[in-house]
$ cat final.cif   # mmCIF, C-alpha atoms and all ligand atoms
data_entry
loop_
_atom_site.label_atom_id
_atom_site.label_comp_id
_atom_site.auth_asym_id
_atom_site.auth_seq_id
_atom_site.Cartn_x
_atom_site.Cartn_y
_atom_site.Cartn_z
CA MET A 1287 -107.64 14.99 39.20
CA ILE A 1288 -104.85 16.68 41.13
CA PHE A 1289 -101.73 14.81 42.17
CA LEU A 1290 -99.41 16.00 44.89
CA LYS A 1291 -95.89 14.61 45.00
CA THR A 1292 -93.71 15.16 48.05
CA GLN A 1293 -90.01 15.63 47.46
CA TYR A 1294 -87.22 15.90 50.00
CA VAL A 1295 -83.93 17.36 48.84
CA PHE A 1296 -80.93 17.26 51.14
CA LEU A 1297 -78.88 20.35 50.33
CA GLY A 1298 -75.90 19.22 52.37
CA LYS A 1299 -74.11 20.66 55.34
CA ILE A 1300 -73.51 24.41 55.53
CA LYS A 1301 -70.86 24.76 58.23
CA ASP A 1302 -72.25 22.24 60.73
CA VAL A 1303 -75.95 22.59 59.85
CA ASN A 1304 -77.79 20.01 57.75
CA ILE A 1305 -80.43 21.54 55.52
CA THR A 1306 -83.26 19.61 53.87
CA VAL A 1307 -85.98 21.10 51.66
CA LYS A 1308 -89.46 19.65 51.56
CA ARG A 1309 -91.40 20.42 48.41
CA GLU A 1310 -94.94 19.52 47.49
CA ILE A 1311 -95.13 19.45 43.74
CA SER A 1312 -98.61 19.44 42.26
CA SER A 1313 -99.77 18.25 38.87
CA ASP A 1314 -101.29 21.72 38.49
CA PHE A 1315 -98.56 24.37 38.48
CA TYR A 1316 -100.92 26.98 39.94
CA LEU A 1317 -102.69 24.85 42.55
CA THR A 1318 -99.71 24.12 44.72
CA GLY A 1319 -97.72 24.84 47.87
CA ASN A 1320 -99.47 26.11 50.95
CA LYS A 1321 -102.24 27.63 48.84
CA TYR A 1322 -103.37 24.14 47.84
CA ARG A 1323 -103.32 23.14 51.52
CA LYS A 1324 -105.32 26.20 52.56
CA LEU A 1325 -107.99 25.61 49.93
CA LYS A 1326 -108.57 21.93 50.60
CA HIS A 1327 -110.83 22.22 53.67
CA ASN A 1328 -112.50 25.30 52.23
CA LEU A 1329 -113.50 23.20 49.25
CA ILE A 1330 -114.90 20.49 51.54
CA GLU A 1331 -116.91 23.16 53.39
CA PHE A 1332 -118.13 24.65 50.11
CA LEU A 1333 -119.36 21.25 48.94
CA LYS A 1334 -121.50 20.81 52.08
CA SER A 1335 -123.98 23.55 51.09
CA ARG A 1336 -125.63 24.85 47.97
CA TYR A 1337 -123.45 27.75 47.03
CA GLU A 1338 -123.38 29.18 43.52
CA GLY A 1339 -119.64 29.56 43.55
CA ILE A 1340 -116.55 30.69 45.41
CA ALA A 1341 -115.36 34.28 45.83
CA THR A 1342 -112.06 35.49 47.18
CA PHE A 1343 -109.59 38.39 47.28
CA GLY A 1344 -106.03 38.92 46.13
CA GLY A 1345 -103.39 41.25 44.82
CA PRO A 1346 -102.63 41.30 41.08
CA PHE A 1347 -99.85 38.68 41.42
CA SER A 1348 -101.56 36.63 44.11
CA ASN A 1349 -100.61 32.96 44.43
CA HIS A 1350 -103.92 32.47 46.21
CA LEU A 1351 -106.05 33.89 43.38
CA ALA A 1352 -104.20 31.73 40.86
CA ALA A 1353 -104.67 28.61 43.02
CA THR A 1354 -108.36 29.32 43.66
CA SER A 1355 -109.00 29.84 39.98
CA SER A 1356 -107.33 26.52 39.14
CA LEU A 1357 -109.15 24.66 41.89
CA CYS A 1358 -112.52 25.94 40.71
CA LYS A 1359 -111.73 24.98 37.14
CA HIS A 1360 -110.89 21.39 38.21
CA PHE A 1361 -114.15 21.08 40.14
CA GLU A 1362 -116.29 23.04 37.69
CA ILE A 1363 -117.13 25.65 40.31
CA LYS A 1364 -117.90 29.25 39.35
CA SER A 1365 -115.15 31.47 40.72
CA PHE A 1366 -115.00 35.17 41.46
CA GLY A 1367 -111.89 37.15 42.30
CA PHE A 1368 -111.70 40.65 43.75
CA VAL A 1369 -108.40 42.08 42.59
CA ARG A 1370 -106.53 44.89 44.35
CA GLY A 1371 -106.06 47.88 42.05
CA ASP A 1372 -108.59 49.09 39.48
CA GLU A 1373 -105.74 49.91 37.07
CA MET A 1374 -105.45 46.14 36.54
CA LYS A 1375 -108.56 46.37 34.34
CA ILE A 1376 -106.32 47.56 31.54
CA LYS A 1377 -102.91 46.34 32.70
CA SER A 1378 -103.08 42.56 33.12
CA ASN A 1379 -100.11 40.29 33.91
CA PRO A 1380 -99.40 36.51 33.78
CA THR A 1381 -101.34 35.79 37.01
CA ILE A 1382 -104.40 37.74 35.88
CA GLU A 1383 -104.21 36.02 32.48
CA HIS A 1384 -104.17 32.62 34.17
CA CYS A 1385 -107.24 33.52 36.23
CA ILE A 1386 -109.10 34.71 33.15
CA ASN A 1387 -108.03 31.63 31.16
CA THR A 1388 -109.29 29.30 33.88
CA GLY A 1389 -112.64 31.03 33.95
CA MET A 1390 -112.45 33.22 37.03
CA HIS A 1391 -114.70 36.26 36.93
CA LEU A 1392 -112.60 39.22 38.06
CA GLU A 1393 -113.77 42.41 39.72
CA TYR A 1394 -111.14 45.13 40.09
CA LEU A 1395 -111.25 47.20 43.26
CA SER A 1396 -109.70 50.54 44.09
CA ARG A 1397 -107.18 50.36 46.92
CA GLU A 1398 -109.74 51.93 49.26
CA ASP A 1399 -112.40 49.37 48.42
CA TYR A 1400 -109.86 46.57 48.63
CA LYS A 1401 -108.88 47.60 52.16
CA LEU A 1402 -112.51 47.38 53.22
CA LYS A 1403 -112.98 43.98 51.53
CA MET A 1404 -116.44 42.59 52.39
CA CYS A 1405 -117.44 45.94 53.91
CA SER A 1406 -116.93 47.99 50.76
CA LYS A 1407 -120.15 49.08 49.05
CA LYS A 1408 -119.05 47.66 45.72
CA VAL A 1409 -118.26 44.22 47.15
CA LYS A 1410 -121.40 44.17 49.29
CA LYS A 1411 -123.56 44.96 46.29
CA PHE A 1412 -121.87 42.32 44.18
CA LEU A 1413 -122.19 39.64 46.86
CA SER A 1414 -125.81 40.46 47.70
CA LYS A 1415 -126.88 39.27 44.25
CA ARG A 1416 -125.25 35.86 44.58
CA ASN A 1417 -124.94 33.07 47.10
CA LEU A 1418 -121.16 32.65 47.20
CA TYR A 1419 -118.80 30.87 49.55
CA LEU A 1420 -116.28 33.49 50.66
CA ILE A 1421 -112.64 32.70 51.25
CA PRO A 1422 -110.51 35.49 52.78
CA GLU A 1423 -107.36 36.82 51.13
CA GLY A 1424 -104.60 34.22 51.18
CA GLY A 1425 -107.02 31.46 52.22
CA ASP A 1426 -106.58 32.56 55.80
CA ASN A 1427 -109.38 31.16 57.85
CA ASP A 1428 -109.64 28.21 60.23
CA PHE A 1429 -110.02 25.80 57.30
CA GLY A 1430 -106.82 27.20 55.84
CA ILE A 1431 -105.01 26.69 59.11
CA THR A 1432 -106.30 23.12 59.40
CA GLY A 1433 -105.11 22.42 55.87
CA SER A 1434 -101.70 23.93 56.64
CA SER A 1435 -101.30 21.62 59.63
CA GLU A 1436 -101.41 18.72 57.15
CA ILE A 1437 -98.19 19.87 55.49
CA ILE A 1438 -96.29 18.14 58.31
CA GLY A 1439 -95.97 14.37 58.16
CA SER A 1440 -94.36 11.94 60.57
CA PHE A 1441 -91.01 11.97 58.74
CA ASP A 1442 -90.82 15.72 59.36
CA HIS A 1443 -90.71 14.99 63.09
CA SER A 1444 -87.15 13.74 62.69
CA PHE A 1445 -85.77 17.28 62.19
CA ASP A 1446 -84.97 19.50 65.16
CA THR A 1447 -85.91 22.78 63.46
CA ILE A 1448 -88.61 23.66 60.91
CA CYS A 1449 -88.25 26.86 58.85
CA LEU A 1450 -90.87 28.52 56.68
CA ALA A 1451 -92.01 31.82 55.20
CA VAL A 1452 -94.56 34.00 56.97
CA GLY A 1453 -97.03 36.21 55.12
CA THR A 1454 -100.20 36.35 57.17
CA GLY A 1455 -98.93 33.62 59.48
CA GLY A 1456 -101.76 31.18 58.82
CA THR A 1457 -99.41 28.53 57.48
CA MET A 1458 -97.09 28.86 60.46
CA LEU A 1459 -100.02 28.50 62.87
CA GLY A 1460 -101.17 25.37 61.03
CA VAL A 1461 -97.69 23.86 61.06
CA SER A 1462 -97.31 24.70 64.76
CA ARG A 1463 -100.25 22.40 65.46
CA SER A 1464 -98.66 19.31 63.96
CA ILE A 1465 -95.00 19.54 64.94
CA LYS A 1466 -93.65 17.85 68.06
CA LYS A 1467 -93.17 19.89 71.20
CA ASP A 1468 -89.40 19.44 71.14
CA GLN A 1469 -89.08 20.86 67.61
CA LYS A 1470 -88.26 24.51 67.00
CA LEU A 1471 -90.30 26.53 64.54
CA LEU A 1472 -88.71 29.50 62.76
CA GLY A 1473 -90.90 31.83 60.74
CA PHE A 1474 -89.14 34.23 58.39
CA LEU A 1475 -91.28 37.32 57.85
CA SER A 1476 -91.76 38.40 54.25
CA VAL A 1477 -93.66 41.50 55.32
CA ASN A 1478 -92.91 44.41 57.67
CA ASP A 1479 -96.16 44.33 59.53
CA ARG A 1480 -96.48 44.29 63.29
CA SER A 1481 -100.01 42.98 63.10
CA ARG A 1482 -98.66 39.68 61.76
CA ILE A 1483 -96.36 39.28 64.73
CA ASN A 1484 -99.24 39.98 67.11
CA TYR A 1485 -101.53 37.63 65.20
CA ILE A 1486 -99.08 34.76 65.55
CA SER A 1487 -98.13 35.38 69.16
CA ASN A 1488 -101.80 35.68 70.15
CA ASN A 1489 -102.80 32.47 68.44
CA ILE A 1490 -99.89 30.07 68.73
CA ASP A 1491 -99.91 27.50 71.51
CA SER A 1492 -97.72 28.71 74.36
CA SER A 1493 -95.89 25.39 74.51
CA ILE A 1494 -94.44 25.92 71.01
CA ASN A 1495 -90.76 26.80 70.83
CA TYR A 1496 -90.93 29.36 68.03
CA LYS A 1497 -89.23 32.49 66.79
CA LEU A 1498 -90.08 35.08 64.16
CA ILE A 1499 -87.12 36.32 62.15
CA LYS A 1500 -87.57 39.92 60.98
CA GLY A 1501 -84.23 40.62 59.31
CA PHE A 1502 -84.93 39.25 55.83
CA THR A 1503 -88.00 41.08 54.59
CA PHE A 1504 -85.88 43.13 52.15
CA GLY A 1505 -87.94 46.17 53.05
CA GLY A 1506 -91.42 44.67 52.98
CA PHE A 1507 -93.90 42.63 51.02
CA GLY A 1508 -92.84 42.22 47.39
CA LYS A 1509 -89.62 44.20 47.98
CA PHE A 1510 -86.28 42.77 46.91
CA ASN A 1511 -82.81 43.71 45.75
CA ASN A 1512 -80.37 42.36 43.19
CA GLU A 1513 -78.54 40.31 45.82
CA LEU A 1514 -81.73 38.34 46.41
CA ILE A 1515 -82.28 37.72 42.70
CA LEU A 1516 -78.69 36.57 42.23
CA PHE A 1517 -79.03 34.27 45.25
CA ILE A 1518 -82.21 32.69 43.88
CA ASN A 1519 -80.61 32.18 40.46
CA SER A 1520 -77.46 30.58 41.86
CA PHE A 1521 -79.50 28.45 44.29
CA LYS A 1522 -81.54 27.07 41.40
CA LYS A 1523 -78.41 26.35 39.38
CA LYS A 1524 -76.74 24.53 42.24
CA TYR A 1525 -79.65 22.59 43.81
CA LYS A 1526 -82.15 22.45 40.92
CA ILE A 1527 -84.82 23.97 43.14
CA PRO A 1528 -86.63 27.12 42.00
CA LEU A 1529 -87.52 29.71 44.65
CA ASP A 1530 -89.92 32.63 44.43
CA PRO A 1531 -88.75 36.17 45.27
CA ILE A 1532 -91.64 37.02 47.60
CA TYR A 1533 -91.48 34.22 50.17
CA THR A 1534 -89.27 31.15 49.76
CA GLY A 1535 -86.24 32.97 48.32
CA LYS A 1536 -86.12 35.31 51.31
CA VAL A 1537 -86.18 32.43 53.79
CA LEU A 1538 -83.33 30.48 52.24
CA PHE A 1539 -81.32 33.67 51.80
CA GLY A 1540 -81.90 34.25 55.52
CA ILE A 1541 -80.95 30.73 56.58
CA PHE A 1542 -77.75 30.75 54.51
CA THR A 1543 -76.78 34.23 55.72
CA LEU A 1544 -77.36 33.46 59.39
CA ILE A 1545 -75.35 30.24 59.20
CA LYS A 1546 -72.48 31.80 57.25
CA ASN A 1547 -72.26 34.74 59.67
CA HIS A 1548 -72.22 32.39 62.68
CA ASN A 1549 -75.56 33.75 63.83
CA TRP A 1550 -77.39 30.43 63.68
CA SER A 1551 -78.40 29.51 67.21
CA TRP A 1552 -81.08 26.94 66.47
CA GLY A 1553 -80.93 23.26 65.53
CA LYS A 1554 -78.32 21.49 63.42
CA ASN A 1555 -80.78 19.44 61.43
CA ILE A 1556 -83.26 21.73 59.76
CA LEU A 1557 -86.18 21.25 57.42
CA PHE A 1558 -87.23 24.10 55.18
CA ILE A 1559 -90.83 23.87 54.00
CA HIS A 1560 -90.99 25.12 50.41
CA THR A 1561 -94.44 26.71 50.27
CA GLY A 1562 -94.59 27.07 46.47
CA GLY A 1563 -95.34 30.42 44.88
CA LEU A 1564 -93.53 29.62 41.65
CA GLN A 1565 -96.33 31.00 39.46
CA GLY A 1566 -95.21 34.43 40.69
CA ILE A 1567 -91.88 34.20 38.87
CA ASP A 1568 -93.38 35.00 35.46
CA GLY A 1569 -95.14 38.04 36.89
CA PHE A 1570 -91.94 39.15 38.60
CA ASN A 1571 -89.96 38.91 35.36
CA PHE A 1572 -92.79 40.65 33.51
CA LEU A 1573 -92.33 43.69 35.80
CA GLN A 1574 -88.53 43.50 35.78
CA GLU A 1575 -88.41 43.43 31.98
CA LYS A 1576 -90.25 46.74 31.87
CA LYS A 1577 -87.64 48.25 34.19
CA ALA A 1578 -84.74 46.46 32.46
CA GLY A 1579 -83.99 44.87 35.86
CA LEU A 1580 -82.35 41.54 36.68
CA LEU A 1581 -84.47 38.53 35.78
CA LEU A 1582 -85.07 35.26 37.58
CA LYS A 1583 -83.74 32.42 35.48
C1 LIG B 1601 -98.99 32.80 50.71
C2 LIG B 1601 -97.62 32.24 50.76
C3 LIG B 1601 -96.87 32.21 51.95
C4 LIG B 1601 -97.37 32.82 53.23
O1 LIG B 1601 -98.30 32.05 53.87
P1 LIG B 1601 -99.11 32.66 55.10
O2 LIG B 1601 -99.98 31.58 55.54
O3 LIG B 1601 -99.87 33.84 54.56
O4 LIG B 1601 -98.14 33.10 56.12
C5 LIG B 1601 -95.63 31.63 51.93
N1 LIG B 1601 -95.11 31.13 50.80
C6 LIG B 1601 -95.77 31.15 49.64
C7 LIG B 1601 -95.12 30.62 48.43
C8 LIG B 1601 -97.05 31.70 49.58
O5 LIG B 1601 -97.72 31.72 48.41
#
$ encode --input "final.cif" --output "structure tokens"
Amino acid sequence: MIFLKTQYVFLGKIKDVNITVKREISSDFYLTGNKYRKLKHNLIEFLKSRYEGIATFGGPFSNHLAATSSLCKHFEIKSFGFVRGDEMKIKSNPTIEHCINTGMHLEYLSREDYKLKMCSKKVKKFLSKRNLYLIPEGGDNDFGITGSSEIIGSFDHSFDTICLAVGTGGTMLGVSRSIKKDQKLLGFLSVNDRSRINYISNNIDSSINYKLIKGFTFGGFGKFNNELILFINSFKKKYKIPLDPIYTGKVLFGIFTLIKNHNWSWGKNILFIHTGGLQGIDGFNFLQEKKAGLLLK
């Protein structure tokens, strides 16, 4: 059984802007945030047919791989994960360990094979021997978008602006389908990737009042600096809310910076959707320890 608890935390007023955080806290630490939402309708689809198991793709610290592995363990489904980077065979990390401990079968792919995904020879060969339900990287298919639209409830309609992190953009597209037309939607990019911007602008309903904020990627996916780490640590101390360094930390850093620098030109009553990702903190610290870098507390 998986329980999901919704929590709203009012952070207070920064200058004249009210900020509220919406968190969805799951009874399973790994099956949480938007990755839980994206998997839900994929699971329903999986259960409709006779598949042997579920297969998916992810990087070595992937929130999605960790969530899929947990989900499959709960439902006693065989799970298969294609991991980016064949060096991970010998390297491991806390996310990989979780996947192994929850019974996921891992196949490590070279970067070239990983880019090709289903079209790589190795993956094709592996899949041809089994009847598996395939979920794309990040849970990004139409079922994932439908699940993401369910993040928004009627209470969330009382805010004038909704803010969230953008990786592939699937979550933002889902959320855009369930907000009200007079609400603004701000997506903070966590990646420097034009294709994401095109993907969102080509797929979002033209009546949505949205904006993509590009200034807080910290150089790209998984990139960061000490200022971001210190911000996340002080944020947690002050508000008792942990943030991850890949997605949610960047958004709140962005919101606070824009407001403090008088560059906030959106609503005065904003809701930040905390999309989870907290399992990544252990992996982040694992890498930082090796480099003697700053740690997340
Ligand atoms: C995957 C993820 C995102 C990005 O979601 P997309 O749908 O890929 O844009 C944001 N936050 C967290 C914590 C995530 O794990």
$ residues_around --input "final.cif" --residues "A:Glu1362" --least-positions-apart "5" --cutoff "12 Å" --atoms "only C-alpha atoms" --output "list in words"
Met1287, Leu1329, Leu1333, Glu1338, Gly1339, Ile1340, Thr1354, Ser1355, Ser1356, Leu1357, Thr1388, Gly1389 and Met1390 of chain A
$ residues_near_point --input "final.cif" --point "(-103.9, 24.9, 60.8)" --cutoff "8 Å" --atoms "all atoms listed in the file" --output "PyMOL selection string"
chain A and resi 1428-1436+1456-1463
$ residues_around --input "final.cif" --residues "A:Ile1499" --least-positions-apart "5" --cutoff "7 Å" --atoms "only C-alpha atoms" --output "PyMOL selection string"
chain A and resi 1473-1475
$ residues_around --input "final.cif" --residues "A:Thr1342" --least-positions-apart "2" --cutoff "10 Å" --atoms "only C-alpha atoms" --output "ChimeraX atom specification"
/A:1340,1344,1350-1351,1354-1355,1365-1369,1392,1403-1404,1418-1425
$ residues_around --input "final.cif" --residues "A:Gly1455" --least-positions-apart "5" --cutoff "8 Å" --atoms "only C-alpha atoms" --output "ChimeraX atom specification"
/A:1482,1485-1486
$ write_last_selection --input "final.cif" --atoms "C-alpha atoms" --output "PDB file, keeping the file's coordinate frame"
ATOM      1  CA  ARG A1482     -98.660  39.680  61.760  1.00  0.00           C
ATOM      2  CA  TYR A1485    -101.530  37.630  65.200  1.00  0.00           C
ATOM      3  CA  ILE A1486     -99.080  34.760  65.550  1.00  0.00           C
TER       4      ILE A1486
END
$ axis_aligned_box --input "final.cif" --around "ligand LIG 1601 (chain B)" --padding-each-side "5 Å" --output "JSON"
{"center_x": -97.5, "center_y": 32.2, "center_z": 52.3, "size_x": 14.9, "size_y": 13.2, "size_z": 17.7}
$ residues_near_ligand --input "final.cif" --ligand "ligand LIG 1601 (chain B)" --cutoff "6 Å" --atoms "all atoms listed in the file" --output "ChimeraX atom specification"
/A:1349,1424,1451-1457,1533-1534,1561-1563
$ residues_near_point --input "final.cif" --point "(-96.8, 34.2, 40.8)" --cutoff "8 Å" --atoms "only C-alpha atoms" --output "PDB file with C-alpha atoms, in the coordinates of the input"
ATOM      1  CA  PHE A1347     -99.850  38.680  41.420  1.00  0.00           C
ATOM      2  CA  SER A1348    -101.560  36.630  44.110  1.00  0.00           C
ATOM      3  CA  ASN A1349    -100.610  32.960  44.430  1.00  0.00           C
ATOM      4  CA  ALA A1352    -104.200  31.730  40.860  1.00  0.00           C
ATOM      5  CA  PRO A1380     -99.400  36.510  33.780  1.00  0.00           C
ATOM      6  CA  THR A1381    -101.340  35.790  37.010  1.00  0.00           C
ATOM      7  CA  ASP A1530     -89.920  32.630  44.430  1.00  0.00           C
ATOM      8  CA  GLY A1563     -95.340  30.420  44.880  1.00  0.00           C
ATOM      9  CA  LEU A1564     -93.530  29.620  41.650  1.00  0.00           C
ATOM     10  CA  GLN A1565     -96.330  31.000  39.460  1.00  0.00           C
ATOM     11  CA  GLY A1566     -95.210  34.430  40.690  1.00  0.00           C
ATOM     12  CA  ILE A1567     -91.880  34.200  38.870  1.00  0.00           C
ATOM     13  CA  ASP A1568     -93.380  35.000  35.460  1.00  0.00           C
ATOM     14  CA  GLY A1569     -95.140  38.040  36.890  1.00  0.00           C
ATOM     15  CA  PHE A1570     -91.940  39.150  38.600  1.00  0.00           C
TER      16      PHE A1570
END
$ closest_atom_pairs --input "final.cif" --of "stretch 1526-1581 of chain A" --to "stretch 1505-1510 of chain A" --cutoff "9 Å" --atoms "only C-alpha atoms" --output "JSON lines"
{"residue": "A:Pro1531", "atom": "CA", "partner": "A:Phe1510", "partner_atom": "CA", "distance": 7.2}
{"residue": "A:Ile1532", "atom": "CA", "partner": "A:Gly1508", "partner_atom": "CA", "distance": 5.3}
{"residue": "A:Tyr1533", "atom": "CA", "partner": "A:Gly1508", "partner_atom": "CA", "distance": 8.6}
{"residue": "A:Lys1536", "atom": "CA", "partner": "A:Phe1510", "partner_atom": "CA", "distance": 8.7}
$ decode --input "final.cif" --residues "stretch 1294-1317 of chain A" --atoms "N, CA and C atoms" --output "tab-separated table (two decimals), in the first residue's frame"
chain	number	residue	atom	x	y	z
A	1294	TYR	N	0.70	21.65	2.52
A	1294	TYR	CA	0.91	23.02	2.05
A	1294	TYR	C	1.70	23.75	3.12
A	1295	VAL	N	2.76	24.41	2.72
A	1295	VAL	CA	3.54	25.20	3.68
A	1295	VAL	C	3.59	26.64	3.17
A	1296	PHE	N	3.07	27.54	3.99
A	1296	PHE	CA	3.14	28.95	3.62
A	1296	PHE	C	4.48	29.50	4.09
A	1297	LEU	N	5.31	29.92	3.17
A	1297	LEU	CA	6.65	30.38	3.54
A	1297	LEU	C	6.63	31.79	4.09
A	1298	GLY	N	5.59	32.54	3.75
A	1298	GLY	CA	5.51	33.93	4.18
A	1298	GLY	C	5.56	34.84	2.98
A	1299	LYS	N	5.74	36.12	3.28
A	1299	LYS	CA	5.78	37.13	2.24
A	1299	LYS	C	7.24	37.49	1.99
A	1300	ILE	N	7.69	37.43	0.75
A	1300	ILE	CA	9.01	37.94	0.41
A	1300	ILE	C	8.72	39.21	-0.39
A	1301	LYS	N	9.17	40.33	0.15
A	1301	LYS	CA	8.72	41.65	-0.35
A	1301	LYS	C	7.18	41.60	-0.34
A	1302	ASP	N	6.53	41.77	-1.48
A	1302	ASP	CA	5.06	41.73	-1.42
A	1302	ASP	C	4.48	40.47	-2.06
A	1303	VAL	N	5.29	39.41	-2.15
A	1303	VAL	CA	4.82	38.18	-2.80
A	1303	VAL	C	4.63	37.06	-1.77
A	1304	ASN	N	3.44	36.50	-1.76
A	1304	ASN	CA	3.16	35.36	-0.88
A	1304	ASN	C	3.60	34.07	-1.56
A	1305	ILE	N	4.36	33.26	-0.84
A	1305	ILE	CA	4.83	32.01	-1.45
A	1305	ILE	C	4.33	30.81	-0.62
A	1306	THR	N	3.69	29.89	-1.30
A	1306	THR	CA	3.25	28.64	-0.66
A	1306	THR	C	3.88	27.47	-1.41
A	1307	VAL	N	4.28	26.45	-0.65
A	1307	VAL	CA	4.84	25.24	-1.26
A	1307	VAL	C	3.84	24.11	-1.11
A	1308	LYS	N	3.60	23.40	-2.19
A	1308	LYS	CA	2.78	22.20	-2.12
A	1308	LYS	C	3.67	20.98	-2.25
A	1309	ARG	N	3.61	20.13	-1.26
A	1309	ARG	CA	4.41	18.90	-1.31
A	1309	ARG	C	3.48	17.70	-1.30
A	1310	GLU	N	3.89	16.66	-2.00
A	1310	GLU	CA	3.18	15.39	-1.92
A	1310	GLU	C	4.16	14.40	-1.32
A	1311	ILE	N	3.89	14.02	-0.09
A	1311	ILE	CA	4.83	13.17	0.62
A	1311	ILE	C	4.28	11.75	0.62
A	1312	SER	N	5.08	10.84	0.11
A	1312	SER	CA	4.63	9.46	-0.07
A	1312	SER	C	5.16	8.59	1.07
A	1313	SER	N	4.46	7.51	1.33
A	1313	SER	CA	4.92	6.56	2.34
A	1313	SER	C	6.17	5.83	1.85
A	1314	ASP	N	6.41	5.85	0.56
A	1314	ASP	CA	7.65	5.27	0.01
A	1314	ASP	C	8.55	6.42	-0.44
A	1315	PHE	N	9.67	6.57	0.20
A	1315	PHE	CA	10.59	7.68	-0.05
A	1315	PHE	C	11.00	7.79	-1.52
A	1316	TYR	N	11.02	6.68	-2.22
A	1316	TYR	CA	11.50	6.66	-3.61
A	1316	TYR	C	10.38	6.81	-4.63
A	1317	LEU	N	9.16	6.47	-4.21
A	1317	LEU	CA	8.02	6.51	-5.15
A	1317	LEU	C	7.22	7.76	-4.83
